[in-house]
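Report on the structure given below.
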Amino acid sequence: MDIRGKLRGWWERGRLLAADHPLLADIGVALLVQAAMTMPFLVPRAPGLPPATWGAYGLSTLTVLPLVWRRRAPVAVLFAVMATTALYGLTFEGPGQPLPYTGLVVVYTVAALSAPRRRLLVGLVLVVAVPVGVWLNTRSARELTFSLFVFAAAYGFGRLTDARQRAHRIQAEQAAARERARIAREMHDILSHAVSLMIVQAEAGPVAVRAAPERAEAAFDAISATGRDAMAQLRHMLGVLRDGGDDTGGTAPREPQPGLAALPGLLDRVRGSGLHVVYRTVGHIGPVADEIGVTVFRVVQEALTNVVKHADAHTATVRLSCRTAVLEIVVTDDGRGAHAVSRRGGHGLVGMRERAAAHGGSAVAGPGAGGRGFEVRVRIPVSAAAEVGP
């Protein structure tokens, strides 16, 4: 690793440490300012100037000490620094400082952390205090201009820091909201699909017991398989969220979520509910990204769940095709069509649109061709590697 990489790593570690321990960071800032203010006391004084005394150095240290509490009470710390600085100027003729370090740090802190009213108060105080300090020190217009400039710069940097932190908070909140929406979609799709199939199979069980016991046994096996699959997917999701071991002390599962390869198993479980499902692919569907594969699986899962719940259909068709770098998923049925549209406008169709939009695609749903049945059509852009062959 080069020097720049090492420095960047040290900076990131220091930034994280400061974020976790703000008091420790403030103590570090105070020590750094104290080191800067110590330099004039170490440099030999010109002949004819008063010597640097321990009393003057002690009072300069007292000027720096309030910086330890700058985050907790920035305005109070500012007034404390102003008081000790004025006392130093009126009491001792010690070494001067090239910059008002303590004042700049506190003004920056007030601008970054304080409410607008307190910032206005501090601004009014500085407009009065800076000219008074210059008049007591050198009465120089050059020093007055320089002092006003550096304090204005410190205030500006503080406001920029506050704006950047607010932007980061907004981004974090938006990312958390997107993650909550994603988890809600996953939970809805998993539970809605599993519960719908289990209800259909359980309702058909008593009839099958009397008419065809072997079909009843198959229905119970399908209920068990559907429940186990739903539990496995939920364990996977919750394991990822925990970022650690499970309740038994083992490691959380990290298997990939279901994708294109899991579609045959999904269709078999739906067929177990009594719905005849036809699966077609146009040409050869090449490999797609994992996240697109998950989206395809969830779209087909939700579409078939709606067919089982609402359509009263006998046959459903799932067709995948990929041309001009667009993967298209079409799910149709021969059910009630337009009569079931109003009942299908829940979270499932909204989730399909959100999943497609996340990849720059689109999703539409409505009556099938000729007004017969119902159709869900989702188009997702994919890489050229997923296009069908010649």
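Naming works like this for the structure tokens: A, B, ... for the chains as they're shown, residue 1 at the start of each chain, ligands 1 onward in shown order.
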Running DSSP on the backbone, which parts of region 82-304 of chain A land in strand (DSSP E or B), as JSON, numbers by chain?
{"A": [245, 251, 276, 277, 278, 279, 280, 281, 282]}
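The shortest atom-to-atom distance to Phe146 (chain A), with only C-alpha atoms taken into account, belongs to A:Pro100 out of A:Pro100, A:Leu87, A:Leu24, A:Leu124.
What separates CA of Val128 (chain A) from CA of Gly58 (chain A) is a distance of 27.1 Å.
The space separating CA of His168 (chain A) from CA of Ala30 (chain A) comes to 26.5 Å.
Distances from A:Val150, A:Pro44, A:Arg271, A:Arg336 to Gly371 (chain A) were compared using only C-alpha atoms, and the smallest one belongs to A:Arg336.
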Please list as a list in words every residue within 12 Å of Leu42 (chain A), counting only C-alpha atoms and excluding residues in the same chain fewer than 6 positions away.
Ala35, Ala36, Pro51, Ala52, Thr53, Trp54, Tyr57, Gly94 and Pro95 of chain A
Give me, as a PyMOL selection string, all polymer residues having an atom no more than 9 Å from Thr281 (chain A), counting only C-alpha atoms and skipping those fewer than 6 positions away in the same chain.
chain A and resi 318-322
Could you turn the residues from that selection into a file that holds N, CA, C and O atoms, as a PDB file, in the first residue's frame?
```
ATOM      1  N   VAL A 318     -46.416 -18.892 -17.975  1.00  0.00           N
ATOM      2  CA  VAL A 318     -45.266 -18.038 -17.639  1.00  0.00           C
ATOM      3  C   VAL A 318     -44.312 -18.081 -18.824  1.00  0.00           C
ATOM      4  O   VAL A 318     -43.864 -19.166 -19.237  1.00  0.00           O
ATOM      5  N   ARG A 319     -44.030 -16.904 -19.398  1.00  0.00           N
ATOM      6  CA  ARG A 319     -43.149 -16.838 -20.560  1.00  0.00           C
ATOM      7  C   ARG A 319     -42.015 -15.863 -20.306  1.00  0.00           C
ATOM      8  O   ARG A 319     -42.244 -14.720 -19.891  1.00  0.00           O
ATOM      9  N   LEU A 320     -40.796 -16.308 -20.542  1.00  0.00           N
ATOM     10  CA  LEU A 320     -39.606 -15.463 -20.436  1.00  0.00           C
ATOM     11  C   LEU A 320     -38.998 -15.316 -21.819  1.00  0.00           C
ATOM     12  O   LEU A 320     -38.843 -16.300 -22.548  1.00  0.00           O
ATOM     13  N   SER A 321     -38.622 -14.093 -22.166  1.00  0.00           N
ATOM     14  CA  SER A 321     -37.934 -13.850 -23.430  1.00  0.00           C
ATOM     15  C   SER A 321     -36.982 -12.697 -23.237  1.00  0.00           C
ATOM     16  O   SER A 321     -37.170 -11.848 -22.357  1.00  0.00           O
ATOM     17  N   CYS A 322     -35.947 -12.679 -24.062  1.00  0.00           N
ATOM     18  CA  CYS A 322     -34.946 -11.616 -23.937  1.00  0.00           C
ATOM     19  C   CYS A 322     -34.481 -11.221 -25.330  1.00  0.00           C
ATOM     20  O   CYS A 322     -33.850 -12.018 -26.037  1.00  0.00           O
TER      21      CYS A 322
END
```
Near region 109-123 of chain A, within 12 Å and counting only C-alpha atoms, which residues show up once chain neighbours fewer than 5 positions away are dropped, as a PyMOL selection string?
chain A and resi 26+29+67-79+82+102-104+128-130+148+151-166
Output file for the selection above: N, CA, C and O atoms, as a compact mmCIF listing (two decimals), in the first residue's frame:
```
# COMPACT_ATOMS: atom_id res chain seq x y z
N ASP A 26 -12.64 16.16 21.09
CA ASP A 26 -12.50 17.55 21.56
C ASP A 26 -11.23 17.74 22.38
O ASP A 26 -10.59 18.79 22.31
N VAL A 29 -8.50 18.12 19.90
CA VAL A 29 -8.49 19.46 19.31
C VAL A 29 -7.86 20.47 20.27
O VAL A 29 -7.06 21.33 19.88
N LEU A 67 -12.21 24.56 25.35
CA LEU A 67 -12.50 23.87 24.09
C LEU A 67 -12.90 22.41 24.30
O LEU A 67 -13.53 21.81 23.43
N VAL A 68 -12.56 21.86 25.45
CA VAL A 68 -12.94 20.47 25.73
C VAL A 68 -14.46 20.32 25.74
O VAL A 68 -15.00 19.26 25.42
N TRP A 69 -15.19 21.38 26.08
CA TRP A 69 -16.65 21.33 26.17
C TRP A 69 -17.33 22.09 25.01
O TRP A 69 -18.47 22.48 25.12
N ARG A 70 -16.62 22.23 23.92
CA ARG A 70 -17.14 23.07 22.83
C ARG A 70 -18.40 22.50 22.20
O ARG A 70 -19.27 23.25 21.75
N ARG A 71 -18.56 21.17 22.14
CA ARG A 71 -19.77 20.59 21.55
C ARG A 71 -20.96 20.68 22.49
O ARG A 71 -22.09 20.80 22.04
N ARG A 72 -20.71 20.58 23.78
CA ARG A 72 -21.81 20.57 24.75
C ARG A 72 -22.43 21.95 24.90
O ARG A 72 -23.65 22.08 25.01
N ALA A 73 -21.61 22.99 24.97
CA ALA A 73 -22.12 24.35 25.17
C ALA A 73 -21.26 25.32 24.37
O ALA A 73 -20.44 26.05 24.93
N PRO A 74 -21.41 25.35 23.04
CA PRO A 74 -20.51 26.17 22.22
C PRO A 74 -20.60 27.66 22.52
O PRO A 74 -19.57 28.35 22.52
N VAL A 75 -21.80 28.18 22.77
CA VAL A 75 -21.92 29.62 23.03
C VAL A 75 -21.26 29.97 24.36
O VAL A 75 -20.53 30.97 24.47
N ALA A 76 -21.50 29.16 25.40
CA ALA A 76 -20.87 29.41 26.69
C ALA A 76 -19.35 29.32 26.58
O ALA A 76 -18.62 30.13 27.18
N VAL A 77 -18.86 28.35 25.80
CA VAL A 77 -17.41 28.23 25.61
C VAL A 77 -16.86 29.46 24.89
O VAL A 77 -15.77 29.95 25.20
N LEU A 78 -17.62 30.00 23.93
CA LEU A 78 -17.17 31.21 23.23
C LEU A 78 -17.00 32.37 24.19
O LEU A 78 -15.96 33.07 24.16
N PHE A 79 -17.97 32.58 25.06
CA PHE A 79 -17.85 33.68 26.02
C PHE A 79 -16.70 33.43 27.00
O PHE A 79 -16.01 34.37 27.41
N MET A 82 -13.54 34.29 25.15
CA MET A 82 -13.40 35.75 25.02
C MET A 82 -12.96 36.37 26.33
O MET A 82 -12.10 37.28 26.36
N THR A 102 -8.17 29.74 19.36
CA THR A 102 -9.32 29.31 20.17
C THR A 102 -10.61 29.94 19.66
O THR A 102 -11.65 29.28 19.57
N GLY A 103 -10.57 31.22 19.33
CA GLY A 103 -11.76 31.88 18.83
C GLY A 103 -12.24 31.28 17.52
O GLY A 103 -13.45 31.09 17.31
N LEU A 104 -11.31 30.95 16.63
CA LEU A 104 -11.70 30.36 15.35
C LEU A 104 -12.35 28.99 15.54
O LEU A 104 -13.36 28.67 14.89
N VAL A 128 -19.01 43.25 17.38
CA VAL A 128 -18.56 44.22 18.38
C VAL A 128 -17.21 43.83 18.96
O VAL A 128 -16.31 44.66 19.14
N ALA A 129 -17.03 42.53 19.28
CA ALA A 129 -15.84 42.08 20.01
C ALA A 129 -14.57 42.17 19.17
O ALA A 129 -13.50 42.53 19.70
N VAL A 130 -14.65 41.83 17.88
CA VAL A 130 -13.43 41.83 17.05
C VAL A 130 -12.85 43.25 16.93
O VAL A 130 -11.65 43.44 17.16
N LEU A 148 -11.51 40.01 10.76
CA LEU A 148 -12.86 39.81 10.24
C LEU A 148 -12.89 38.72 9.18
O LEU A 148 -13.83 37.92 9.12
N PHE A 151 -12.42 35.12 10.87
CA PHE A 151 -13.61 34.70 11.61
C PHE A 151 -14.77 34.40 10.67
O PHE A 151 -15.54 33.46 10.90
N ALA A 152 -14.91 35.19 9.61
CA ALA A 152 -15.96 34.90 8.63
C ALA A 152 -15.69 33.57 7.93
O ALA A 152 -16.63 32.79 7.65
N ALA A 153 -14.42 33.28 7.65
CA ALA A 153 -14.08 31.99 7.03
C ALA A 153 -14.40 30.83 7.97
O ALA A 153 -14.93 29.80 7.54
N ALA A 154 -14.07 30.98 9.26
CA ALA A 154 -14.39 29.92 10.23
C ALA A 154 -15.89 29.69 10.30
O ALA A 154 -16.37 28.54 10.35
N TYR A 155 -16.66 30.76 10.29
CA TYR A 155 -18.12 30.64 10.31
C TYR A 155 -18.63 29.94 9.04
O TYR A 155 -19.50 29.06 9.09
N GLY A 156 -18.06 30.31 7.89
CA GLY A 156 -18.48 29.69 6.63
C GLY A 156 -18.17 28.21 6.60
O GLY A 156 -18.99 27.39 6.16
N PHE A 157 -16.97 27.83 7.06
CA PHE A 157 -16.63 26.41 7.11
C PHE A 157 -17.57 25.65 8.04
O PHE A 157 -17.94 24.50 7.78
N GLY A 158 -17.97 26.27 9.14
CA GLY A 158 -18.92 25.63 10.04
C GLY A 158 -20.27 25.39 9.39
O GLY A 158 -20.88 24.33 9.55
N ARG A 159 -20.75 26.39 8.63
CA ARG A 159 -22.03 26.21 7.95
C ARG A 159 -21.94 25.13 6.87
O ARG A 159 -22.88 24.36 6.66
N LEU A 160 -20.81 25.07 6.16
CA LEU A 160 -20.63 24.02 5.15
C LEU A 160 -20.62 22.64 5.81
O LEU A 160 -21.19 21.68 5.26
N THR A 161 -19.97 22.52 6.96
CA THR A 161 -19.96 21.25 7.68
C THR A 161 -21.37 20.85 8.08
O THR A 161 -21.77 19.68 7.94
N ASP A 162 -22.16 21.80 8.58
CA ASP A 162 -23.54 21.50 8.97
C ASP A 162 -24.35 21.05 7.76
O ASP A 162 -25.13 20.09 7.84
N ALA A 163 -24.18 21.73 6.63
CA ALA A 163 -24.93 21.34 5.42
C ALA A 163 -24.54 19.95 4.95
O ALA A 163 -25.39 19.14 4.55
N ARG A 164 -23.25 19.65 5.00
CA ARG A 164 -22.80 18.33 4.58
C ARG A 164 -23.33 17.23 5.51
O ARG A 164 -23.78 16.17 5.06
N GLN A 165 -23.33 17.49 6.81
CA GLN A 165 -23.85 16.51 7.76
C GLN A 165 -25.35 16.30 7.57
O GLN A 165 -25.84 15.16 7.66
N ARG A 166 -26.09 17.39 7.33
CA ARG A 166 -27.53 17.23 7.08
C ARG A 166 -27.78 16.44 5.81
O ARG A 166 -28.71 15.61 5.75
```
Nearest to Val33 (chain A): which of A:Ala18, A:Leu65, A:Ala46, A:Ala232 is it, counting only C-alpha atoms?
A:Leu65
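Residue nearest Gly286 (chain A), chosen from A:Ala365, A:Ala356, A:Val382, A:Leu197 and counting only C-alpha atoms: A:Val382.
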